[in-house]
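S.K.: My structure is in data-v4.cif, and what it holds is mmCIF, C-alpha atoms and all ligand atoms:
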data_start
#
loop_
_atom_site.label_atom_id
_atom_site.label_comp_id
_atom_site.auth_asym_id
_atom_site.auth_seq_id
_atom_site.Cartn_x
_atom_site.Cartn_y
_atom_site.Cartn_z
CA MET P 25 107.40 37.47 113.66
CA THR P 26 105.82 38.88 116.80
CA LYS P 27 105.92 42.65 117.08
CA ARG P 28 106.02 43.97 120.61
CA ILE P 29 103.89 47.05 121.13
CA ALA P 30 104.15 49.21 124.25
CA VAL P 31 100.76 50.79 124.83
CA ILE P 32 100.55 54.05 126.78
CA PRO P 33 96.83 54.87 127.00
CA GLY P 34 97.51 58.06 128.97
CA ASP P 35 94.90 60.54 130.14
CA GLY P 36 91.37 61.71 129.36
CA ILE P 37 90.04 60.14 126.19
CA GLY P 38 93.45 58.49 125.57
CA PRO P 39 92.45 55.10 127.02
CA GLU P 40 89.09 55.16 125.23
CA VAL P 41 90.53 55.77 121.77
CA VAL P 42 93.63 53.61 122.21
CA SER P 43 91.52 50.62 123.17
CA GLN P 44 89.74 50.92 119.81
CA GLY P 45 93.11 50.92 118.06
CA VAL P 46 94.18 47.81 119.97
CA LYS P 47 90.85 46.17 119.15
CA VAL P 48 91.43 46.83 115.45
CA LEU P 49 95.00 45.50 115.65
CA LYS P 50 93.72 42.31 117.30
CA LYS P 51 91.24 41.89 114.49
CA LEU P 52 94.07 42.41 112.03
CA GLU P 53 95.96 39.58 113.73
CA GLU P 54 92.98 37.30 113.12
CA ILE P 55 92.77 38.01 109.41
CA SER P 56 96.47 38.16 108.56
CA ASP P 57 99.82 36.66 109.51
CA LEU P 58 100.59 39.55 111.82
CA ASP P 59 101.25 38.82 115.44
CA PHE P 60 101.37 41.44 118.17
CA GLU P 61 102.25 41.31 121.83
CA PHE P 62 100.85 44.24 123.79
CA LYS P 63 102.00 45.56 127.11
CA GLU P 64 100.35 48.49 128.83
CA PHE P 65 102.30 51.17 130.64
CA PRO P 66 100.19 53.25 133.04
CA LEU P 67 102.03 56.52 132.44
CA GLY P 68 100.14 59.78 132.70
CA ALA P 69 98.41 62.07 135.16
CA GLU P 70 97.07 59.40 137.55
CA HIS P 71 100.47 57.77 137.87
CA TYR P 72 102.18 61.15 138.27
CA LEU P 73 99.78 62.37 140.96
CA LYS P 74 100.16 59.11 142.89
CA THR P 75 103.94 58.64 142.61
CA GLY P 76 105.43 61.92 141.39
CA GLU P 77 106.99 59.96 138.53
CA LEU P 78 106.76 60.81 134.85
CA VAL P 79 108.93 58.33 132.93
CA THR P 80 111.67 56.67 134.97
CA ASP P 81 114.94 55.34 133.56
CA GLU P 82 113.76 51.80 134.31
CA VAL P 83 110.64 52.33 132.21
CA LYS P 84 112.73 53.76 129.37
CA GLU P 85 115.06 50.77 129.50
CA GLU P 86 112.06 48.50 129.23
CA LEU P 87 110.50 50.50 126.40
CA ALA P 88 113.75 50.19 124.46
CA ASN P 89 112.96 46.48 124.00
CA PHE P 90 109.72 47.14 122.15
CA ASP P 91 109.18 47.48 118.40
CA ALA P 92 106.96 50.52 118.78
CA ILE P 93 105.09 52.69 121.27
CA TYR P 94 101.39 53.36 120.82
CA LEU P 95 100.28 56.41 122.77
CA GLY P 96 96.86 57.91 123.46
CA ALA P 97 97.22 61.40 124.91
CA VAL P 98 98.64 63.02 128.01
CA GLY P 99 97.32 66.10 129.77
CA ASP P 100 95.10 66.61 132.79
CA PRO P 101 93.48 69.69 134.34
CA ARG P 102 94.84 68.66 137.78
CA VAL P 103 98.41 68.92 136.54
CA GLU P 104 100.10 72.15 135.55
CA PRO P 105 100.02 72.54 131.74
CA GLY P 106 103.13 71.23 130.05
CA VAL P 107 104.37 69.00 132.88
CA LEU P 108 103.02 65.77 131.40
CA GLU P 109 103.66 66.82 127.80
CA HIS P 110 107.29 67.68 128.51
CA GLY P 111 107.87 64.96 131.07
CA ILE P 112 106.39 62.14 129.02
CA LEU P 113 105.90 62.99 125.33
CA LEU P 114 108.99 65.12 124.77
CA ASP P 115 111.13 63.03 127.09
CA LEU P 116 110.31 59.87 125.13
CA ARG P 117 110.79 61.69 121.83
CA PHE P 118 114.29 62.81 122.80
CA SER P 119 115.29 59.69 124.74
CA PHE P 120 114.56 57.54 121.70
CA ASP P 121 115.90 60.17 119.30
CA GLN P 122 112.72 60.18 117.24
CA TYR P 123 114.10 62.71 114.82
CA ILE P 124 111.33 62.52 112.28
CA ASN P 125 107.75 63.56 112.71
CA LEU P 126 105.58 61.97 110.04
CA ARG P 127 102.24 63.64 109.45
CA PRO P 128 100.06 62.24 106.68
CA ILE P 129 97.54 64.67 105.22
CA ARG P 130 94.86 62.59 103.53
CA LEU P 131 91.29 63.45 102.76
CA TYR P 132 89.02 60.41 102.98
CA ASP P 133 85.78 62.03 101.91
CA SER P 134 85.20 65.35 100.13
CA ARG P 135 82.57 66.40 102.66
CA PHE P 136 85.19 66.81 105.37
CA THR P 137 87.42 69.41 103.77
CA PRO P 138 86.63 73.12 104.02
CA LEU P 139 88.22 73.56 100.56
CA LYS P 140 85.82 73.92 97.67
CA ASP P 141 86.00 71.37 94.86
CA LYS P 142 88.79 69.31 96.38
CA SER P 143 88.57 65.55 96.38
CA PRO P 144 90.53 62.78 98.14
CA ALA P 145 92.76 62.55 95.03
CA ASP P 146 93.80 66.19 95.56
CA ILE P 147 94.64 65.98 99.25
CA ASP P 148 97.08 63.14 99.77
CA MET P 149 100.54 63.99 101.01
CA MET P 150 103.09 63.16 103.67
CA ILE P 151 104.75 65.91 105.65
CA VAL P 152 108.15 64.96 107.03
CA ARG P 153 109.00 67.35 109.86
CA GLU P 154 112.38 67.58 111.55
CA ASN P 155 111.61 66.74 115.17
CA THR P 156 114.64 67.54 117.32
CA GLU P 157 116.30 70.83 116.42
CA GLY P 158 115.70 74.09 114.53
CA LEU P 159 113.97 76.88 116.38
CA TYR P 160 112.71 74.43 119.00
CA SER P 161 116.15 73.46 120.30
CA GLY P 162 115.64 75.53 123.42
CA VAL P 163 118.79 77.55 122.85
CA GLY P 164 118.60 81.24 123.65
CA GLY P 165 118.19 83.54 126.54
CA PHE P 166 117.41 86.94 127.96
CA LEU P 167 119.60 89.99 128.23
CA LYS P 168 118.55 92.67 130.72
CA LYS P 169 115.39 90.75 131.51
CA ASP P 170 112.39 92.78 132.71
CA THR P 171 113.91 96.10 131.67
CA GLU P 172 113.07 98.34 128.75
CA ASP P 173 116.34 97.23 127.16
CA GLU P 174 115.47 93.56 127.28
CA VAL P 175 116.65 91.39 124.41
CA ALA P 176 115.23 87.88 124.14
CA THR P 177 116.82 85.52 121.65
CA GLN P 178 115.86 82.07 120.44
CA GLU P 179 118.40 80.36 118.28
CA MET P 180 117.64 78.19 115.29
CA VAL P 181 120.07 75.32 115.54
CA ASN P 182 120.57 73.31 112.38
CA THR P 183 123.26 70.66 112.27
CA TYR P 184 124.45 69.02 109.08
CA LYS P 185 123.78 65.59 110.58
CA GLY P 186 120.30 66.59 111.71
CA VAL P 187 119.33 68.04 108.35
CA GLU P 188 120.93 65.21 106.41
CA ARG P 189 119.13 62.41 108.24
CA VAL P 190 115.66 63.88 107.94
CA THR P 191 116.18 64.87 104.31
CA ARG P 192 117.45 61.39 103.47
CA TYR P 193 114.44 59.83 105.18
CA ALA P 194 112.13 62.04 103.11
CA TYR P 195 113.88 61.10 99.87
CA GLU P 196 113.67 57.42 100.77
CA TYR P 197 110.01 57.80 101.63
CA ALA P 198 109.30 59.49 98.30
CA LYS P 199 111.31 56.91 96.38
CA ASN P 200 109.55 53.96 97.96
CA GLN P 201 106.08 55.12 97.02
CA SER P 202 104.35 53.20 94.31
CA GLN P 203 102.87 56.09 92.37
CA GLU P 204 103.98 59.69 92.28
CA GLN P 205 107.49 60.35 93.58
CA LYS P 206 107.99 63.97 94.38
CA LEU P 207 109.73 65.69 97.26
CA THR P 208 109.25 69.36 98.08
CA LEU P 209 111.62 71.20 100.40
CA CYS P 210 109.69 73.83 102.35
CA ASP P 211 111.93 76.50 103.89
CA LYS P 212 112.56 80.23 104.15
CA SER P 213 115.98 80.31 102.51
CA ASN P 214 115.54 83.82 101.15
CA VAL P 215 115.56 85.24 104.69
CA LEU P 216 117.11 82.53 106.88
CA THR P 217 120.27 82.76 104.83
CA TYR P 218 122.41 80.58 107.08
CA ALA P 219 120.11 77.99 108.57
CA HIS P 220 118.11 77.30 105.45
CA ASP P 221 121.05 77.66 103.14
CA LEU P 222 122.24 74.47 104.82
CA TRP P 223 118.88 72.81 104.13
CA GLN P 224 119.09 73.81 100.49
CA ARG P 225 122.60 72.49 100.04
CA VAL P 226 121.75 69.18 101.70
CA PHE P 227 118.57 68.86 99.65
CA VAL P 228 120.45 69.38 96.37
CA GLU P 229 123.41 67.22 97.36
CA LEU P 230 121.23 64.25 98.40
CA GLY P 231 118.99 64.83 95.41
CA LYS P 232 121.80 63.57 93.18
CA GLU P 233 121.37 60.15 94.79
CA TYR P 234 117.62 60.19 94.19
CA LYS P 235 117.34 61.05 90.50
CA SER P 236 114.00 59.21 90.18
CA VAL P 237 112.38 61.60 92.70
CA ASP P 238 111.03 64.91 91.34
CA GLN P 239 112.57 67.69 93.39
CA ASP P 240 110.80 70.91 94.17
CA HIS P 241 111.33 73.89 96.44
CA MET P 242 108.82 76.18 98.08
CA LEU P 243 109.16 79.06 100.50
CA VAL P 244 106.98 78.49 103.54
CA ASP P 245 104.79 81.56 102.97
CA ALA P 246 104.02 80.47 99.43
CA MET P 247 103.52 76.97 100.76
CA THR P 248 100.64 77.99 103.05
CA MET P 249 98.86 79.60 100.11
CA LYS P 250 99.43 76.63 97.87
CA LEU P 251 98.30 74.13 100.49
CA VAL P 252 94.94 75.83 100.42
CA ARG P 253 94.69 76.59 96.69
CA ASN P 254 96.53 73.65 95.11
CA PRO P 255 97.07 70.88 97.66
CA GLU P 256 97.24 68.45 94.71
CA ASP P 257 100.73 69.82 93.93
CA PHE P 258 102.22 68.12 96.97
CA ASP P 259 103.31 64.56 97.49
CA VAL P 260 106.07 64.36 100.12
CA VAL P 261 107.19 67.55 101.86
CA VAL P 262 110.28 67.89 104.05
CA THR P 263 110.62 70.84 106.40
CA CYS P 264 112.15 72.14 109.62
CA ASN P 265 110.68 71.78 113.09
CA MET P 266 108.74 75.05 113.34
CA PHE P 267 107.41 75.22 109.79
CA GLY P 268 106.41 71.58 110.12
CA ASP P 269 104.50 72.41 113.29
CA ILE P 270 102.53 75.11 111.51
CA ILE P 271 101.84 73.57 108.12
CA THR P 272 100.79 70.22 109.61
CA ASP P 273 98.00 71.93 111.53
CA LEU P 274 96.90 73.64 108.33
CA GLY P 275 97.08 70.20 106.75
CA ALA P 276 94.99 68.66 109.52
CA GLU P 277 92.19 71.12 108.84
CA ILE P 278 92.10 70.49 105.09
CA GLN P 279 91.86 66.74 105.69
CA GLY P 280 88.93 67.02 108.09
CA GLY P 281 90.24 68.25 111.41
CA MET P 282 91.96 66.98 114.52
CA GLY P 283 89.69 63.95 114.75
CA LEU P 284 91.64 62.44 111.85
CA ALA P 285 95.16 63.81 112.33
CA VAL P 286 97.93 61.34 113.08
CA SER P 287 101.52 61.73 114.14
CA GLY P 288 104.42 59.30 113.95
CA ASN P 289 107.57 60.12 115.89
CA ILE P 290 110.09 58.04 114.04
CA ASN P 291 113.56 56.76 114.67
CA PRO P 292 114.17 54.47 111.69
CA GLU P 293 116.90 52.63 113.58
CA GLY P 294 115.17 52.61 116.97
CA VAL P 295 111.82 52.72 118.75
CA SER P 296 109.15 54.88 117.10
CA MET P 297 106.02 56.25 118.74
CA PHE P 298 102.59 56.69 117.18
CA GLU P 299 99.76 58.87 118.44
CA PRO P 300 96.67 60.79 117.46
CA VAL P 301 97.42 64.52 117.26
CA HIS P 302 94.51 65.56 119.46
CA GLY P 303 94.95 65.93 123.18
CA SER P 304 93.29 64.29 126.15
CA ALA P 305 90.04 66.27 125.71
CA PRO P 306 89.07 66.14 129.41
CA ASP P 307 85.72 67.78 128.61
CA ILE P 308 84.42 64.63 126.93
CA ALA P 309 86.48 61.95 128.71
CA GLY P 310 84.59 58.92 130.02
CA GLU P 311 81.50 59.59 127.92
CA ASN P 312 82.22 57.05 125.20
CA LYS P 313 81.87 59.70 122.53
CA ALA P 314 85.47 60.49 121.61
CA ASN P 315 86.33 59.96 117.98
CA PRO P 316 88.73 57.00 117.80
CA LEU P 317 89.60 57.36 114.11
CA ALA P 318 92.83 59.32 114.58
CA ALA P 319 94.00 56.74 117.13
CA VAL P 320 93.10 53.92 114.75
CA LEU P 321 94.91 55.66 111.90
CA ALA P 322 97.93 56.03 114.20
CA ALA P 323 97.81 52.25 114.72
CA SER P 324 97.64 51.81 110.97
CA MET P 325 100.69 54.02 110.48
CA MET P 326 102.51 51.98 113.13
CA VAL P 327 101.73 48.80 111.19
CA GLU P 328 102.99 50.44 108.00
CA ILE P 329 106.24 51.63 109.54
CA LEU P 330 106.77 48.17 111.06
CA GLY P 331 106.84 46.95 107.47
CA TYR P 332 103.31 45.78 106.74
CA SER P 333 101.89 48.27 104.27
CA LYS P 334 99.28 45.89 102.87
CA GLU P 335 97.74 45.34 106.30
CA ALA P 336 98.00 49.04 107.13
CA ALA P 337 96.12 49.87 103.94
CA LYS P 338 93.29 47.58 105.05
CA VAL P 339 92.83 49.53 108.27
CA GLU P 340 92.96 52.82 106.42
CA LYS P 341 90.36 51.59 103.98
CA ALA P 342 88.06 50.60 106.84
CA VAL P 343 88.39 54.11 108.31
CA LYS P 344 87.62 55.62 104.93
CA LEU P 345 84.48 53.47 104.58
CA SER P 346 83.25 54.33 108.05
CA LEU P 347 83.60 58.03 107.23
CA GLN P 348 81.86 57.68 103.88
CA ASN P 349 78.99 55.78 105.48
CA ASP P 350 78.69 58.08 108.50
CA GLN P 351 79.52 55.28 110.89
CA THR P 352 81.24 57.83 113.11
CA THR P 353 81.04 59.69 116.39
CA PRO P 354 79.03 62.95 116.68
CA ASP P 355 82.03 65.22 115.99
CA MET P 356 82.20 63.75 112.46
CA GLY P 357 78.45 63.89 111.99
CA GLY P 358 77.60 60.32 113.00
CA SER P 359 75.76 58.95 116.00
CA LEU P 360 77.92 56.03 117.13
CA THR P 361 79.78 55.70 120.40
CA THR P 362 83.57 55.32 120.55
CA ASP P 363 83.19 51.56 121.11
CA GLN P 364 80.71 51.17 118.28
CA VAL P 365 83.07 52.85 115.82
CA GLY P 366 85.79 50.38 116.86
CA ASP P 367 83.40 47.45 116.43
CA HIS P 368 82.28 48.75 113.06
CA LEU P 369 85.89 49.01 111.86
CA CYS P 370 86.49 45.41 112.96
CA SER P 371 83.43 44.24 111.07
CA LEU P 372 84.68 46.02 107.95
CA LEU P 373 88.02 44.22 108.26
CA GLU P 374 86.39 40.80 108.22
P1 LIG F 401 95.60 68.92 125.54
O1 LIG F 401 96.04 69.93 126.52
O2 LIG F 401 95.60 67.53 126.09
O3 LIG F 401 96.30 69.03 124.22
P2 LIG F 401 93.52 70.51 124.57
O4 LIG F 401 92.42 71.03 125.37
O5 LIG F 401 94.61 71.41 124.16
O6 LIG F 401 94.08 69.21 125.26
P3 LIG F 401 92.44 68.68 122.71
O7 LIG F 401 92.26 67.73 123.83
O8 LIG F 401 93.32 68.25 121.61
O9 LIG F 401 92.94 70.04 123.20
O10 LIG F 401 91.04 68.99 122.06
C1 LIG F 401 90.31 70.19 122.12
C2 LIG F 401 88.85 69.86 122.07
O11 LIG F 401 88.51 69.19 120.86
C3 LIG F 401 88.50 68.89 123.17
O12 LIG F 401 88.22 69.54 124.34
C4 LIG F 401 87.32 68.13 122.59
O13 LIG F 401 86.12 68.81 122.84
C5 LIG F 401 87.63 68.10 121.11
N1 LIG F 401 88.30 66.83 120.74
C6 LIG F 401 89.62 66.56 120.73
N2 LIG F 401 89.87 65.31 120.37
C7 LIG F 401 88.68 64.73 120.13
C8 LIG F 401 88.26 63.43 119.72
N3 LIG F 401 89.13 62.43 119.47
N4 LIG F 401 86.94 63.21 119.58
C9 LIG F 401 86.05 64.18 119.82
N5 LIG F 401 86.37 65.41 120.20
C10 LIG F 401 87.67 65.70 120.37
MG MG F 402 96.24 70.57 122.67
#
What would the structure in this file look like if it were written as structure tokens?

M.R.:
Amino acid sequence: MTKRIAVIPGDGIGPEVVSQGVKVLKKLEEISDLDFEFKEFPLGAEHYLKTGELVTDEVKEELANFDAIYLGAVGDPRVEPGVLEHGILLDLRFSFDQYINLRPIRLYDSRFTPLKDKSPADIDMMIVRENTEGLYSGVGGFLKKDTEDEVATQEMVNTYKGVERVTRYAYEYAKNQSQEQKLTLCDKSNVLTYAHDLWQRVFVELGKEYKSVDQDHMLVDAMTMKLVRNPEDFDVVVTCNMFGDIITDLGAEIQGGMGLAVSGNINPEGVSMFEPVHGSAPDIAGENKANPLAAVLAASMMVEILGYSKEAAKVEKAVKLSLQNDQTTPDMGGSLTTDQVGDHLCSLLE
């Protein structure tokens, strides 16, 4: 069946890296039964500066008819920081209720981790971050602003429904894996005695339905230490919005940096959006030297979530080979251009 992909190349290096991902997906079509239909949406800085529009309701209605959104990056020095990120990325995330942020932490070659003696077998986990509430709900305010008596509060909003749906997704994800099946809840329940008490109760309650999944608990402070010392202890991790934000960046570094970090904003019942974690990198835009591997891995995750894990694994394997053979851009130690990396990946898929 044809899968309809909405492509938002975005700003800076976005278009350069996304076109490599599309190239790889087209190659995948040639060698498998997969069939994609791509449509580009010119959202981003250029469009905003010309029209004043970020994402209109009409565009959202159209996007709702796609199977997935594939996004490069938004952000431009000519636009005030945050405008494009909030007006495009966050707006799409909330409009499509993408309540899960999936962040794989996988090391493809031992040379790329700053951790001593860790191999790809040790660093291979999936972090499932709650993506819509928690401390990032935007609830709070100021009392006596700009006085010496000022009190600024930021509330951590945790709803049963919100915690339940992300925890269930994480259990399902763990259960559907072929090898190890372990889920770790990462929280701060010893201090956040209301908010994370709810997380604990939901984790235990749902755990009864997932007896085949090993269930573990880790306080977030201990988690940061363990991620560095014993990353092999983790398989699937479920956590709240803020802790997910922090530990996924730690995770990105131990897997080889932003050039390889991928993010899936998932609504299992709706339209999900896949993107490299890095930004628009205006300093190197247009030079054909941006590393396209994170964007290609985002495409691979999109294929996996659309239900084609075998094909996704092929793309991931090609990325792994290109890293092992130094067929990469300068930031990863290679000497290829962005385009050449894409072409190399396609040749590996053949
Ligand atoms: P934004 O505001 O869009 O998030 P930023 O300046 O915060 O951008 P990034 O764009 O994520 O941060 O990247 C920071 C720097 O890392 C870039 O300026 C660039 O030099 C480098 N960089 C980021 N992504 C890549 C990439 N894919 N390939 C090569 N270098 C990159
Ligand atoms: Mg950034």

S.K.: Rank P:Val226, P:Ala305, P:Val152, P:Ile29 by their smallest atom-to-atom distance to ligand LIG 401 (chain F), using all atoms listed in the file, and report the top residue only.

M.R.: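 Looking only at the distances to ligand LIG 401 (chain F), the closest residue turns out to be P:Ala305.
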
S.K.: Have a look at P:Val175, P:Ala314, P:Cys264, P:Leu139 and name the one nearest to P:Ser161; count all atoms listed in the file.

M.R.: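 Going through P:Val175, P:Ala314, P:Cys264, P:Leu139 one by one, the smallest distance to P:Ser161 is for P:Cys264.
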
S.K.: How far is it from atom P1 of ligand LIG 401 (chain F) to atom CA of P:Pro144, in Å with one decimal?

M.R.: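 Going from atom P1 of ligand LIG 401 (chain F) over to atom CA of P:Pro144 covers 28.5 Å.
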
S.K.: Could I get the residue neighbourhood of ligand LIG 401 (chain F) at 6 Å, counting all atoms listed in the file, as a VMD selection string?

M.R.: chain P and resid 98 to 99 283 302 to 305 307 314 to 316 355

S.K.: Suppose we keep C-alpha atoms; can you now write the selection as a compact mmCIF listing (two decimals), in the coordinates of the input?

M.R.:
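Generated file (selection.txt):
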# COMPACT_ATOMS: atom_id res chain seq x y z
CA VAL P 98 98.64 63.02 128.01
CA GLY P 99 97.32 66.10 129.77
CA GLY P 283 89.69 63.95 114.75
CA HIS P 302 94.51 65.56 119.46
CA GLY P 303 94.95 65.93 123.18
CA SER P 304 93.29 64.29 126.15
CA ALA P 305 90.04 66.27 125.71
CA ASP P 307 85.72 67.78 128.61
CA ALA P 314 85.47 60.49 121.61
CA ASN P 315 86.33 59.96 117.98
CA PRO P 316 88.73 57.00 117.80
CA ASP P 355 82.03 65.22 115.99

S.K.: For the atom pair atom CA of P:Leu372 and atom CA of P:Ser333, what is the interatomic distance in Å to one decimal place?

M.R.: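 Atom CA of P:Leu372 sits 17.7 Å away from atom CA of P:Ser333.
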
S.K.: Which residue is closest to ligand MG 402 (chain F)? Choose from P:Ser236, P:Met282, P:Glu70, P:Leu52 and count all atoms listed in the file.

M.R.: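 That would be P:Met282, the residue with the smallest distance to ligand MG 402 (chain F).
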
S.K.: Got a sec: who's within 8 Å of stretch 193-199 of chain P, counting only C-alpha atoms, leaving out chain neighbours fewer than 3 positions off, as a count of residues only?

M.R.: 14

S.K.: Write out as an MDAnalysis selection string the residues lying within 6 Å of P:Glu179, counting only C-alpha atoms and excluding same-chain residues fewer than 5 positions away.

M.R.: chainID P and resid 159 163:164

S.K.: Using Å and a single decimal, report how far atom CA of P:Met149 sits from atom CA of P:Leu222.

M.R.: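 Answer for the atom CA of P:Leu222 to atom CA of P:Met149 separation: 24.4 Å.
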
S.K.: Which residue is closest to ligand MG 402 (chain F)? Choose from P:Leu49, P:Leu330, P:Leu274, P:Val301 and count only C-alpha atoms and all ligand atoms.

M.R.: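 Residue with the minimum atom-to-atom distance to ligand MG 402 (chain F): P:Val301.
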
S.K.: Any idea what's packed within 9 Å of stretch 216-219 of chain P, counting only C-alpha atoms, ignoring anything in its chain fewer than 5 positions away? Could you give it as a PDB file with C-alpha atoms, keeping the file's coordinate frame?

M.R.:
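And here is the file that came out, part-v1.pdb:
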ATOM      1  CA  GLY P 158     115.700  74.090 114.530  1.00  0.00           C
ATOM      2  CA  MET P 180     117.640  78.190 115.290  1.00  0.00           C
ATOM      3  CA  VAL P 181     120.070  75.320 115.540  1.00  0.00           C
ATOM      4  CA  ASN P 182     120.570  73.310 112.380  1.00  0.00           C
ATOM      5  CA  THR P 183     123.260  70.660 112.270  1.00  0.00           C
ATOM      6  CA  ASP P 211     111.930  76.500 103.890  1.00  0.00           C
TER       7      ASP P 211
END

S.K.: For the point (82.5, 51.8, 110.0) in file coordinates, what residues are within 10 Å, counting all atoms listed in the file? Give the answer as a list in words?

M.R.: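 Output of the proximity query reads Leu317, Lys341, Ala342, Val343, Lys344, Leu345, Ser346, Leu347, Gln348, Asn349, Asp350, Gln351, Thr352, Leu360, Gln364, Val365, Gly366, Asp367, His368, Leu369, Cys370, Ser371, Leu372 and Leu373 of chain P.
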
S.K.: Find the residues around stretch 290-296 of chain P up to 7 Å (all atoms listed in the file counted), leave out those fewer than 4 positions away in its own chain, and share them as a list in words.

M.R.: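 Residues meeting the cut-off are Ala88, Phe90, Asp91, Ala92, Ile93, Phe120, Asp121, Gln122, Tyr123, Ile124 and Asn125 of chain P.
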
S.K.: Using only C-alpha atoms, which of the listed residues (P:Gly186, P:Pro255, P:Pro66, P:Gly280) sits closest to P:Trp223?

M.R.: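 Looking at the shortest contact to P:Trp223, the residue is P:Gly186.
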
S.K.: List as a ChimeraX atom specification the protein and nucleic acid residues near P:Ile151, meaning an atom at most 8 Å away when all atoms listed in the file are counted, but skip any in the same chain fewer than 3 places from it.

M.R.: /P:126-129,260-263,268,272

S.K.: For the residues in that selection, give me C-alpha atoms as a compact mmCIF listing (two decimals), keeping the file's coordinate frame.

M.R.:
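New file again15.txt:
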# COMPACT_ATOMS: atom_id res chain seq x y z
CA LEU P 126 105.58 61.97 110.04
CA ARG P 127 102.24 63.64 109.45
CA PRO P 128 100.06 62.24 106.68
CA ILE P 129 97.54 64.67 105.22
CA VAL P 260 106.07 64.36 100.12
CA VAL P 261 107.19 67.55 101.86
CA VAL P 262 110.28 67.89 104.05
CA THR P 263 110.62 70.84 106.40
CA GLY P 268 106.41 71.58 110.12
CA THR P 272 100.79 70.22 109.61

S.K.: Padding 8 Å on every side, please: axis-aligned box over the listed atoms of stretch 183-194 of chain P, centre and edge lengths to one decimal in Å, as AutoDock Vina command-line options.

M.R.:
--center_x 118.3 --center_y 65.2 --center_z 107.7 --size_x 28.3 --size_y 26.8 --size_z 25.2

S.K.: Given all atoms listed in the file as the basis, pick out the residue of P:Phe65, P:Phe227, P:Tyr160, P:Phe60 nearest to P:Pro39.

M.R.: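 Once distances to P:Pro39 are computed over all atoms listed in the file, the minimum belongs to P:Phe65.
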